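Structure file run07.cif (mmCIF, C-alpha atoms and all ligand atoms) follows.
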data_query
#
loop_
_atom_site.label_atom_id
_atom_site.label_comp_id
_atom_site.auth_asym_id
_atom_site.auth_seq_id
_atom_site.Cartn_x
_atom_site.Cartn_y
_atom_site.Cartn_z
CA MET A 30 86.73 -6.04 -98.75
CA ASP A 31 89.74 -7.92 -100.08
CA TYR A 32 90.17 -7.48 -103.80
CA ASP A 33 92.16 -9.79 -106.05
CA PHE A 34 94.67 -8.02 -108.27
CA THR A 35 97.08 -10.95 -108.51
CA THR A 36 95.20 -13.60 -110.53
CA THR A 37 95.26 -13.25 -114.31
CA PRO A 38 91.77 -14.30 -115.47
CA ASP A 39 91.80 -16.70 -118.43
CA ARG A 40 90.31 -14.52 -121.17
CA ARG A 41 91.30 -16.71 -124.10
CA ALA A 42 87.87 -18.19 -124.86
CA THR A 43 85.91 -15.00 -124.23
CA GLY A 44 86.28 -13.17 -127.54
CA SER A 45 88.73 -10.76 -125.93
CA VAL A 46 90.18 -8.38 -128.52
CA LYS A 47 93.31 -8.17 -126.43
CA TRP A 48 93.98 -11.91 -126.12
CA ASN A 49 92.57 -13.03 -129.49
CA ARG A 50 95.29 -11.20 -131.39
CA TYR A 51 97.83 -13.76 -130.17
CA ALA A 52 95.44 -16.70 -129.84
CA HIS A 53 97.85 -19.42 -130.90
CA ARG A 54 101.15 -17.78 -130.06
CA ASP A 55 103.11 -17.40 -126.88
CA VAL A 56 102.84 -13.62 -126.92
CA LEU A 57 101.72 -11.71 -123.83
CA PRO A 58 99.19 -9.07 -124.91
CA MET A 59 100.30 -5.74 -123.42
CA TRP A 60 98.64 -3.57 -126.03
CA ILE A 61 94.95 -2.49 -126.20
CA ALA A 62 93.74 -0.48 -123.19
CA ASP A 63 91.79 -2.91 -121.10
CA MET A 64 93.12 -4.50 -117.95
CA ASP A 65 93.64 -8.13 -117.01
CA PHE A 66 91.80 -7.73 -113.71
CA LEU A 67 88.32 -8.83 -112.76
CA SER A 68 85.94 -5.88 -112.54
CA PRO A 69 84.88 -4.75 -109.04
CA PRO A 70 82.81 -7.44 -107.28
CA GLU A 71 80.18 -4.76 -106.60
CA VAL A 72 79.76 -4.33 -110.36
CA ILE A 73 79.68 -8.06 -111.01
CA ALA A 74 76.95 -8.43 -108.35
CA ALA A 75 74.86 -5.69 -109.98
CA LEU A 76 75.17 -7.39 -113.36
CA GLU A 77 74.19 -10.75 -111.85
CA GLN A 78 71.14 -9.14 -110.33
CA ARG A 79 70.21 -7.66 -113.71
CA VAL A 80 70.63 -11.09 -115.37
CA ARG A 81 68.37 -12.69 -112.77
CA HIS A 82 65.59 -10.31 -113.72
CA GLY A 83 65.49 -12.21 -116.99
CA VAL A 84 63.96 -9.64 -119.34
CA PHE A 85 66.32 -7.73 -121.59
CA GLY A 86 64.10 -5.50 -123.68
CA TYR A 87 64.85 -2.07 -125.16
CA THR A 88 66.25 0.08 -122.42
CA VAL A 89 66.41 3.79 -121.66
CA PRO A 90 68.84 5.13 -119.07
CA PRO A 91 67.26 4.43 -115.68
CA GLU A 92 66.68 7.53 -113.53
CA SER A 93 69.01 6.11 -110.88
CA THR A 94 71.82 5.90 -113.47
CA TRP A 95 71.37 9.57 -114.42
CA GLU A 96 71.54 10.41 -110.73
CA ALA A 97 74.69 8.34 -110.28
CA ALA A 98 76.38 10.19 -113.16
CA VAL A 99 75.35 13.64 -111.89
CA THR A 100 76.56 12.82 -108.37
CA TYR A 101 79.83 11.37 -109.72
CA LEU A 102 80.55 14.49 -111.79
CA TRP A 103 79.99 16.72 -108.79
CA GLU A 104 81.74 14.61 -106.13
CA HIS A 105 84.75 13.54 -108.19
CA HIS A 106 85.24 16.43 -110.58
CA GLY A 107 83.47 19.41 -109.06
CA ALA A 108 81.28 19.72 -112.16
CA GLU A 109 77.75 20.94 -111.57
CA VAL A 110 75.75 19.22 -114.28
CA VAL A 111 72.03 18.61 -114.63
CA ALA A 112 70.72 15.36 -116.04
CA GLU A 113 69.44 16.98 -119.27
CA GLN A 114 73.00 17.98 -120.16
CA ILE A 115 74.08 14.33 -120.31
CA VAL A 116 73.89 12.27 -123.50
CA TRP A 117 74.28 8.51 -123.00
CA PHE A 118 76.37 6.91 -125.71
CA PRO A 119 77.66 3.38 -126.41
CA GLY A 120 81.29 4.52 -126.59
CA LEU A 121 83.65 7.43 -126.68
CA VAL A 122 85.05 6.50 -130.08
CA PRO A 123 81.58 6.83 -131.67
CA SER A 124 81.22 10.17 -129.90
CA LEU A 125 84.50 11.48 -131.38
CA ASN A 126 83.24 10.45 -134.81
CA VAL A 127 79.76 11.91 -134.33
CA ALA A 128 81.26 15.20 -133.08
CA CYS A 129 83.26 15.51 -136.31
CA ARG A 130 80.06 15.00 -138.31
CA ALA A 131 77.97 17.31 -136.14
CA PHE A 132 80.23 20.37 -136.04
CA LEU A 133 82.16 20.37 -139.33
CA GLN A 134 81.25 20.94 -142.97
CA PRO A 135 83.24 19.47 -145.86
CA GLY A 136 86.45 21.45 -146.28
CA GLU A 137 86.70 22.25 -142.57
CA GLU A 138 89.25 20.76 -140.19
CA VAL A 139 89.82 19.15 -136.83
CA LEU A 140 92.88 20.02 -134.73
CA THR A 141 94.58 17.71 -132.24
CA CYS A 142 97.97 17.14 -130.59
CA THR A 143 100.09 14.09 -131.38
CA PRO A 144 100.99 11.46 -130.41
CA VAL A 145 97.44 10.54 -129.52
CA TYR A 146 94.98 7.64 -129.24
CA PRO A 147 94.50 6.63 -132.92
CA PRO A 148 90.71 7.25 -133.23
CA PHE A 149 91.49 10.96 -132.66
CA LEU A 150 93.31 10.87 -136.00
CA SER A 151 90.81 8.74 -137.95
CA ALA A 152 87.57 10.47 -136.84
CA SER A 153 88.08 13.41 -139.21
CA GLU A 154 88.79 11.16 -142.19
CA ASN A 155 85.74 9.04 -141.37
CA ALA A 156 83.66 12.23 -141.40
CA GLY A 157 85.15 13.40 -144.71
CA VAL A 158 86.76 16.50 -143.18
CA GLY A 159 90.36 17.63 -142.82
CA LEU A 160 92.86 17.20 -139.98
CA ARG A 161 95.61 19.40 -138.61
CA THR A 162 98.00 18.11 -136.00
CA CYS A 163 100.54 19.66 -133.73
CA ASN A 164 103.16 17.77 -131.72
CA LEU A 165 103.02 17.78 -127.96
CA ARG A 166 106.17 19.36 -126.55
CA GLU A 167 108.52 17.38 -124.38
CA ASN A 168 110.79 19.35 -122.11
CA HIS A 169 113.22 17.63 -119.71
CA GLY A 170 111.00 14.58 -119.59
CA VAL A 171 107.74 16.49 -119.08
CA TRP A 172 105.01 16.62 -121.71
CA ASP A 173 103.15 19.82 -122.42
CA ILE A 174 100.93 21.49 -125.01
CA ASP A 175 103.03 23.67 -127.31
CA PHE A 176 100.80 26.74 -127.67
CA GLU A 177 103.08 28.45 -130.18
CA ALA A 178 102.92 25.38 -132.42
CA LEU A 179 99.17 25.21 -131.86
CA GLU A 180 98.78 28.84 -133.00
CA ALA A 181 100.80 27.98 -136.08
CA ALA A 182 98.73 24.88 -136.77
CA VAL A 183 95.25 26.38 -136.45
CA GLY A 184 93.71 27.75 -139.66
CA PRO A 185 90.59 29.67 -140.68
CA LYS A 186 88.82 26.41 -141.50
CA THR A 187 89.68 24.73 -138.20
CA LYS A 188 86.46 24.28 -136.24
CA LEU A 189 87.04 21.67 -133.55
CA PHE A 190 89.78 20.71 -131.11
CA LEU A 191 90.07 17.13 -129.85
CA LEU A 192 91.71 16.98 -126.44
CA CYS A 193 92.78 13.85 -124.59
CA ASN A 194 93.16 14.59 -120.86
CA PRO A 195 94.60 12.68 -119.07
CA HIS A 196 96.57 11.97 -122.15
CA ASN A 197 96.78 8.62 -123.90
CA PRO A 198 99.56 7.63 -124.66
CA VAL A 199 101.91 9.97 -122.72
CA GLY A 200 100.07 9.76 -119.37
CA LYS A 201 100.06 13.51 -118.74
CA VAL A 202 97.44 15.27 -116.62
CA PHE A 203 97.23 18.79 -118.02
CA PRO A 204 97.30 21.31 -115.16
CA GLU A 205 94.52 23.82 -114.63
CA ALA A 206 96.58 26.70 -116.06
CA VAL A 207 97.13 24.74 -119.30
CA MET A 208 93.45 23.89 -119.50
CA GLU A 209 92.56 27.54 -118.98
CA ARG A 210 94.90 28.59 -121.78
CA LEU A 211 93.52 25.89 -124.05
CA ALA A 212 89.94 26.99 -123.39
CA GLU A 213 90.95 30.56 -124.23
CA PHE A 214 92.67 29.31 -127.41
CA CYS A 215 89.46 27.49 -128.45
CA ARG A 216 87.30 30.52 -127.64
CA HIS A 217 89.61 32.87 -129.56
CA HIS A 218 89.58 30.65 -132.66
CA ASP A 219 85.90 29.70 -132.28
CA LEU A 220 86.63 25.98 -131.96
CA VAL A 221 84.31 23.45 -130.36
CA LEU A 222 86.30 21.70 -127.62
CA VAL A 223 85.84 17.93 -127.37
CA SER A 224 87.49 16.88 -124.12
CA ASP A 225 87.98 13.12 -123.78
CA GLU A 226 88.38 12.47 -120.05
CA ILE A 227 88.02 8.68 -120.05
CA HIS A 228 91.20 8.25 -117.95
CA CYS A 229 90.34 10.96 -115.40
CA ASP A 230 89.80 8.57 -112.48
CA LEU A 231 93.15 6.86 -113.02
CA VAL A 232 95.39 9.66 -111.76
CA LEU A 233 98.38 8.04 -110.06
CA ASP A 234 100.23 11.09 -108.77
CA ASP A 235 99.27 13.81 -106.37
CA VAL A 236 98.00 16.04 -109.18
CA ARG A 237 94.45 17.07 -109.93
CA HIS A 238 92.50 16.35 -113.06
CA THR A 239 90.82 19.53 -114.32
CA SER A 240 87.70 18.80 -116.32
CA GLY A 241 87.14 20.80 -119.48
CA LEU A 242 83.67 21.44 -118.01
CA LYS A 243 85.22 24.02 -115.73
CA PHE A 244 85.74 26.22 -118.80
CA ALA A 245 82.38 25.74 -120.45
CA ASP A 246 81.40 29.32 -119.63
CA THR A 247 84.68 30.78 -120.91
CA MET A 248 84.09 28.93 -124.14
CA GLY A 249 80.58 30.21 -124.63
CA MET A 250 79.62 26.64 -123.72
CA ARG A 251 80.72 25.19 -127.07
CA MET A 252 82.25 22.12 -125.53
CA LEU A 253 81.67 18.41 -124.92
CA ALA A 254 83.25 16.43 -122.06
CA LEU A 255 83.41 12.68 -122.56
CA PHE A 256 83.30 10.23 -119.64
CA ALA A 257 82.96 6.48 -119.15
CA PRO A 258 83.49 3.94 -116.39
CA SER A 259 85.13 1.61 -118.91
CA LYS A 260 88.84 2.28 -118.25
CA THR A 261 88.68 2.84 -114.49
CA PHE A 262 86.52 -0.17 -113.69
CA ASN A 263 87.55 -2.37 -116.62
CA LEU A 264 84.13 -2.41 -118.28
CA ALA A 265 85.03 -1.52 -121.88
CA GLY A 266 83.04 -4.44 -123.32
CA LEU A 267 79.82 -3.16 -121.72
CA GLY A 268 79.83 -0.14 -124.03
CA CYS A 269 78.48 2.57 -121.75
CA SER A 270 79.65 6.17 -121.71
CA PHE A 271 78.18 9.59 -121.09
CA ILE A 272 78.85 12.87 -122.78
CA VAL A 273 78.24 16.14 -120.99
CA ILE A 274 77.19 18.90 -123.39
CA PRO A 275 76.21 21.94 -121.32
CA ASP A 276 74.87 24.05 -124.17
CA GLU A 277 71.46 23.05 -125.54
CA ALA A 278 72.08 23.99 -129.19
CA THR A 279 75.44 22.15 -129.20
CA ARG A 280 73.80 19.14 -127.57
CA HIS A 281 70.99 19.06 -130.11
CA ALA A 282 73.43 19.32 -133.01
CA PHE A 283 75.35 16.34 -131.60
CA GLN A 284 72.18 14.31 -131.04
CA ARG A 285 70.91 15.11 -134.55
CA ALA A 286 74.13 13.79 -136.10
CA ALA A 287 73.79 10.53 -134.12
CA ARG A 288 70.07 9.97 -134.74
CA GLY A 289 69.21 6.60 -136.27
CA ILE A 290 72.86 5.57 -136.53
CA ILE A 291 74.05 5.07 -132.97
CA SER A 292 72.21 2.29 -131.18
CA PRO A 293 71.21 2.73 -127.55
CA ILE A 294 73.21 1.32 -124.65
CA ASN A 295 72.04 -2.09 -123.47
CA ALA A 296 70.64 -2.93 -120.04
CA PHE A 297 73.96 -4.33 -118.78
CA GLY A 298 75.84 -1.18 -119.75
CA TYR A 299 73.65 0.95 -117.52
CA ALA A 300 73.64 -1.57 -114.66
CA GLY A 301 77.45 -1.85 -114.71
CA CYS A 302 77.99 1.88 -115.04
CA GLU A 303 75.68 2.77 -112.17
CA ALA A 304 77.16 0.17 -109.83
CA ALA A 305 80.70 1.30 -110.68
CA LEU A 306 79.95 5.00 -110.13
CA ARG A 307 78.13 4.33 -106.86
CA LEU A 308 80.06 1.44 -105.33
CA GLY A 309 83.35 0.97 -107.18
CA TRP A 310 85.58 3.50 -105.40
CA PRO A 311 87.18 1.30 -102.71
CA TRP A 312 88.16 -1.13 -105.51
CA ARG A 313 89.45 1.79 -107.61
CA ASP A 314 91.60 3.02 -104.72
CA ARG A 315 93.24 -0.40 -104.38
CA LEU A 316 93.67 -0.51 -108.16
CA LEU A 317 95.55 2.80 -108.07
CA ASP A 318 98.03 1.31 -105.56
CA VAL A 319 98.60 -1.64 -107.87
CA LEU A 320 98.97 0.58 -110.93
CA ARG A 321 101.43 2.92 -109.16
CA SER A 322 103.57 -0.03 -108.23
CA ASN A 323 103.38 -1.44 -111.78
CA ARG A 324 104.19 1.96 -113.28
CA ASN A 325 107.30 2.22 -111.12
CA ARG A 326 108.33 -1.32 -112.02
CA VAL A 327 108.04 -0.54 -115.75
CA ALA A 328 109.99 2.73 -115.37
CA GLU A 329 112.78 0.93 -113.52
CA ALA A 330 112.95 -1.96 -115.97
CA VAL A 331 112.87 0.20 -119.08
CA ALA A 332 115.51 2.57 -117.66
CA SER A 333 117.88 -0.39 -117.34
CA LEU A 334 117.51 -1.37 -121.00
CA PRO A 335 119.87 0.30 -123.49
CA GLY A 336 118.08 1.84 -126.46
CA LEU A 337 114.79 2.37 -124.62
CA ARG A 338 113.51 5.52 -122.98
CA THR A 339 110.29 6.31 -121.21
CA TRP A 340 108.49 9.17 -119.42
CA HIS A 341 106.92 9.48 -116.02
CA VAL A 342 103.26 8.38 -116.14
CA GLU A 343 100.98 10.67 -114.07
CA ALA A 344 97.76 8.90 -115.08
CA THR A 345 96.44 5.90 -117.06
CA TYR A 346 97.92 2.40 -117.10
CA LEU A 347 99.93 3.05 -120.23
CA THR A 348 103.62 3.79 -120.69
CA TRP A 349 104.90 5.46 -123.83
CA ILE A 350 108.29 4.10 -124.85
CA ASP A 351 110.86 5.55 -127.22
CA ALA A 352 112.61 2.56 -128.74
CA THR A 353 114.28 4.47 -131.57
CA GLY A 354 117.60 3.94 -129.79
CA LEU A 355 117.41 0.25 -130.73
CA GLY A 356 117.86 1.28 -134.36
CA ILE A 357 115.50 -1.38 -135.68
CA PRO A 358 112.87 -0.75 -138.36
CA ASN A 359 109.80 -2.23 -136.60
CA ALA A 360 110.11 -2.25 -132.83
CA ALA A 361 106.61 -3.67 -132.23
CA ALA A 362 107.28 -6.67 -134.50
CA PHE A 363 110.68 -7.13 -132.86
CA PHE A 364 109.23 -7.42 -129.33
CA GLU A 365 106.42 -9.65 -130.62
CA GLU A 366 109.06 -12.10 -131.81
CA TYR A 367 110.26 -12.23 -128.21
CA GLY A 368 106.74 -12.80 -126.88
CA VAL A 369 105.50 -9.32 -125.93
CA GLY A 370 102.63 -7.66 -127.81
CA LEU A 371 102.94 -3.86 -127.54
CA SER A 372 101.06 -1.12 -129.41
CA ASP A 373 103.02 0.33 -132.31
CA GLY A 374 103.33 4.12 -132.03
CA VAL A 375 102.83 4.88 -135.74
CA PRO A 376 98.98 4.84 -135.62
CA PHE A 377 99.30 7.37 -132.75
CA GLY A 378 100.91 9.80 -135.19
CA ALA A 379 104.42 9.12 -133.85
CA PRO A 380 107.49 8.35 -135.93
CA SER A 381 108.44 4.71 -136.26
CA GLY A 382 110.14 3.28 -133.17
CA PHE A 383 107.67 4.36 -130.48
CA LEU A 384 105.64 1.85 -128.48
CA ARG A 385 102.91 1.80 -125.86
CA LEU A 386 102.92 -0.72 -123.03
CA ASN A 387 99.77 -1.50 -121.01
CA PHE A 388 100.72 -2.26 -117.39
CA GLY A 389 97.14 -2.87 -116.21
CA CYS A 390 97.72 -6.50 -115.29
CA PRO A 391 98.83 -8.66 -112.36
CA ARG A 392 102.45 -8.20 -111.36
CA ALA A 393 103.49 -11.71 -112.40
CA GLN A 394 102.29 -11.06 -115.96
CA LEU A 395 104.04 -7.69 -116.07
CA ASP A 396 107.27 -9.18 -114.71
CA GLU A 397 107.21 -11.88 -117.39
CA ALA A 398 106.62 -9.31 -120.14
CA LEU A 399 109.50 -7.16 -118.87
CA ARG A 400 111.74 -10.23 -118.60
CA ARG A 401 110.99 -11.02 -122.25
CA MET A 402 111.70 -7.43 -123.27
CA GLU A 403 115.01 -7.52 -121.44
CA LYS A 404 115.88 -10.76 -123.22
CA ALA A 405 114.94 -9.20 -126.56
CA VAL A 406 117.17 -6.18 -126.01
CA THR A 407 120.15 -8.12 -124.65
CA CYS A 408 119.98 -11.08 -127.10
CA ARG A 409 119.55 -9.22 -130.37
C1 LIG A 501 91.45 8.41 -124.76
C2 LIG A 501 90.52 7.28 -125.08
N1 LIG A 501 89.30 7.55 -125.54
C3 LIG A 501 88.42 6.56 -125.84
C4 LIG A 501 88.77 5.23 -125.67
C5 LIG A 501 87.80 4.16 -126.03
O1 LIG A 501 86.53 4.53 -125.67
P1 LIG A 501 85.28 3.58 -125.98
O2 LIG A 501 85.69 2.18 -125.67
O3 LIG A 501 84.24 4.12 -125.05
O4 LIG A 501 84.93 3.79 -127.40
C6 LIG A 501 90.05 4.92 -125.20
C7 LIG A 501 90.46 3.51 -125.08
O5 LIG A 501 91.60 3.20 -124.94
C8 LIG A 501 90.93 5.96 -124.89
O6 LIG A 501 92.15 5.71 -124.41
#
If you convert what's in this file into C-alpha cells, what do you get?
Amino acid sequence: MDYDFTTTPDRRATGSVKWNRYAHRDVLPMWIADMDFLSPPEVIAALEQRVRHGVFGYTVPPESTWEAAVTYLWEHHGAEVVAEQIVWFPGLVPSLNVACRAFLQPGEEVLTCTPVYPPFLSASENAGVGLRTCNLRENHGVWDIDFEALEAAVGPKTKLFLLCNPHNPVGKVFPEAVMERLAEFCRHHDLVLVSDEIHCDLVLDDVRHTSGLKFADTMGMRMLALFAPSKTFNLAGLGCSFIVIPDEATRHAFQRAARGIISPINAFGYAGCEAALRLGWPWRDRLLDVLRSNRNRVAEAVASLPGLRTWHVEATYLTWIDATGLGIPNAAAFFEEYGVGLSDGVPFGAPSGFLRLNFGCPRAQLDEALRRMEKAVTCR
C-alpha cells in the first residue's frame, strides 16, 4: 500500500495540544511528542468499523487485544508474557505516577537519570515522595548511563528506578550490556525497575532494543515494563497502553494503588491498539524511512548553525539540541519569536539553553522550521 507521509493534516480545529499552543500565531509546533502524520489506514479502518457498531458502553479489553499484545511482545521484543501479566492502562504517565504511589512510602525516594521526559521528574512529587537524579554521561557525542554517579546518587531510602529506554530526549537505545548492569544495580539496591519503553518500535539505527523484561528474573521480578502503540502509530489521543508486570505481588500492589482512580480505556483505544499491533507494521517500516531521512536533515541543518550542537538520534523522532552556545537566556522563547515552537529543556532537568525538536512531520514542514531556525541564528 502507498502511505502518505507528505501531507500535513490540518489539526487546528481538532483540540490538538500540539497545535493549540500557537493557535493564533505563525509558529510551527515542533514540541510535544506526537507526529503530524495520519495514523496507519489499517488503524483508521478498524476505528471506523468500531464506530459503525454504534454502541459505546463500558468496555473491558477484548480477548483479541490481549492476544495481539502477547504476540507483539514475543514477535517484536522476544518477551514471553502471558495475558495475566498485562495491565491495561489509559496512559504511561498515569502508570509512572501510580508506580510511585504503589511502591514508595513517605520519606522514600525515586531515582532517575536526567535529562528526561518531564513526568519522570514530577511523578515523585505528585506522590509525596522524594527524588534523586543523576546526569546521563555524554562521551564523544555518545550518551550513556554513568554507573559511578548512579552509585553515588542511590541512598538507603531509594526504592524505585525510572528508566526511559529508548531515551527521551537524547534518543539513545541502551545496549544489552548496559541494561544487564542496570538490572544488577536495581537488584543490588533492592529497587523496583520501571522501564518505560514507549519508543521501542521507533529504532532508526541498526541497533537492538533490549526490553527490561529480559532481566525480570535477575531482578527477582520486581519490575514493570511500559508499552503503548501511541508514539509508533501516532495514537496518543486514544489513551491506550499496557504494562507488563511479571510478578503477581508487584502487579497486585500496582493495581491496588490504581483502583477507583484510573478510569478504564475506552472502546476506541482497544480497537486502535489491536489494529496497530496486528496490521500497522508495513506503515511503521515506511515511517522509519521518513524519520531517518528527517533525522539526518535536522543533524545536517543544526551542524551548520553556529551556537547549536546536537547528538546522533538512534531512536525516537526527537532531537536534543544544546543551544547554550547562542548565549541567550531563553532559547525556546527566542526561536518562538522566529516562528518555531520547540520544547524547553529545563523541565527535562537540563540547564537553561537546551531544546528538544520533534521531527515527526512531513519534510516540507520540517524544512520550513529549520529555515526559520537558521534565520533566527543568522539574524540575531
Ligand atoms: C518516554 C515517554 N513516556 C510516556 C509518554 C506519554 O505517555 P502517555 O501518553 O501514554 O501518557 C511519552 C510521550 O512523549 C514519552 O516520551
Using only C-alpha atoms and all ligand atoms, which residues have at least one atom no more than 9 Å from ligand LIG 501 (chain A)? Output them as a PDB file with C-alpha atoms, keeping the file's coordinate frame.
ATOM      1  CA  ILE A  61      94.950  -2.490-126.200  1.00  0.00           C
ATOM      2  CA  ALA A  62      93.740  -0.480-123.190  1.00  0.00           C
ATOM      3  CA  ASP A  63      91.790  -2.910-121.100  1.00  0.00           C
ATOM      4  CA  PHE A 118      76.370   6.910-125.710  1.00  0.00           C
ATOM      5  CA  PRO A 119      77.660   3.380-126.410  1.00  0.00           C
ATOM      6  CA  GLY A 120      81.290   4.520-126.590  1.00  0.00           C
ATOM      7  CA  LEU A 121      83.650   7.430-126.680  1.00  0.00           C
ATOM      8  CA  VAL A 122      85.050   6.500-130.080  1.00  0.00           C
ATOM      9  CA  PRO A 123      81.580   6.830-131.670  1.00  0.00           C
ATOM     10  CA  SER A 124      81.220  10.170-129.900  1.00  0.00           C
ATOM     11  CA  LEU A 125      84.500  11.480-131.380  1.00  0.00           C
ATOM     12  CA  VAL A 145      97.440  10.540-129.520  1.00  0.00           C
ATOM     13  CA  TYR A 146      94.980   7.640-129.240  1.00  0.00           C
ATOM     14  CA  PRO A 147      94.500   6.630-132.920  1.00  0.00           C
ATOM     15  CA  PRO A 148      90.710   7.250-133.230  1.00  0.00           C
ATOM     16  CA  PHE A 149      91.490  10.960-132.660  1.00  0.00           C
ATOM     17  CA  LEU A 192      91.710  16.980-126.440  1.00  0.00           C
ATOM     18  CA  CYS A 193      92.780  13.850-124.590  1.00  0.00           C
ATOM     19  CA  ASN A 194      93.160  14.590-120.860  1.00  0.00           C
ATOM     20  CA  PRO A 195      94.600  12.680-119.070  1.00  0.00           C
ATOM     21  CA  HIS A 196      96.570  11.970-122.150  1.00  0.00           C
ATOM     22  CA  ASN A 197      96.780   8.620-123.900  1.00  0.00           C
ATOM     23  CA  PRO A 198      99.560   7.630-124.660  1.00  0.00           C
ATOM     24  CA  ASP A 225      87.980  13.120-123.780  1.00  0.00           C
ATOM     25  CA  GLU A 226      88.380  12.470-120.050  1.00  0.00           C
ATOM     26  CA  ILE A 227      88.020   8.680-120.050  1.00  0.00           C
ATOM     27  CA  HIS A 228      91.200   8.250-117.950  1.00  0.00           C
ATOM     28  CA  LEU A 255      83.410  12.680-122.560  1.00  0.00           C
ATOM     29  CA  PHE A 256      83.300  10.230-119.640  1.00  0.00           C
ATOM     30  CA  ALA A 257      82.960   6.480-119.150  1.00  0.00           C
ATOM     31  CA  PRO A 258      83.490   3.940-116.390  1.00  0.00           C
ATOM     32  CA  SER A 259      85.130   1.610-118.910  1.00  0.00           C
ATOM     33  CA  LYS A 260      88.840   2.280-118.250  1.00  0.00           C
ATOM     34  CA  LEU A 264      84.130  -2.410-118.280  1.00  0.00           C
ATOM     35  CA  ALA A 265      85.030  -1.520-121.880  1.00  0.00           C
ATOM     36  CA  GLY A 266      83.040  -4.440-123.320  1.00  0.00           C
ATOM     37  CA  LEU A 267      79.820  -3.160-121.720  1.00  0.00           C
ATOM     38  CA  GLY A 268      79.830  -0.140-124.030  1.00  0.00           C
ATOM     39  CA  CYS A 269      78.480   2.570-121.750  1.00  0.00           C
ATOM     40  CA  SER A 270      79.650   6.170-121.710  1.00  0.00           C
ATOM     41  CA  THR A 345      96.440   5.900-117.060  1.00  0.00           C
TER      42      THR A 345
END
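Proximity to A:Gln78 at 12 Å, evaluated using all atoms listed in the file and with sequence-adjacent residues fewer than 3 positions away removed, yields Glu71, Val72, Ile73, Ala74, Ala75, Arg81, His82, Gly83, Val84, Ala296, Phe297, Ala300, Gly301 and Ala304 of chain A.
Across the model, the gap from atom CA of A:Cys229 to atom CA of A:Phe66 is 18.8 Å.
The closest residue to A:His281, picked from A:Leu231, A:Ile115, A:Val80, A:Cys302 and counting only C-alpha atoms, is A:Ile115.
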Close residues, A:Val221 itself excluded, 6 Å, all atoms listed in the file, min 5 positions apart in chain, as number ranges by chain: A: 189, 251-252
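From atom CA of A:Ala52 back to atom CA of A:Glu403, the distance works out to 23.2 Å.
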Write out as JSON, numbers by chain the residues lying within 10 Å of A:Asp246, counting all atoms listed in the file and excluding same-chain residues fewer than 4 positions away. {"A": [212, 242, 250, 251, 252, 275, 276]}
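In this comparison, which uses only C-alpha atoms, the residue of A:Leu191, A:Ala97, A:Ala112, A:Ala206 approaching A:Leu253 most closely is A:Leu191.
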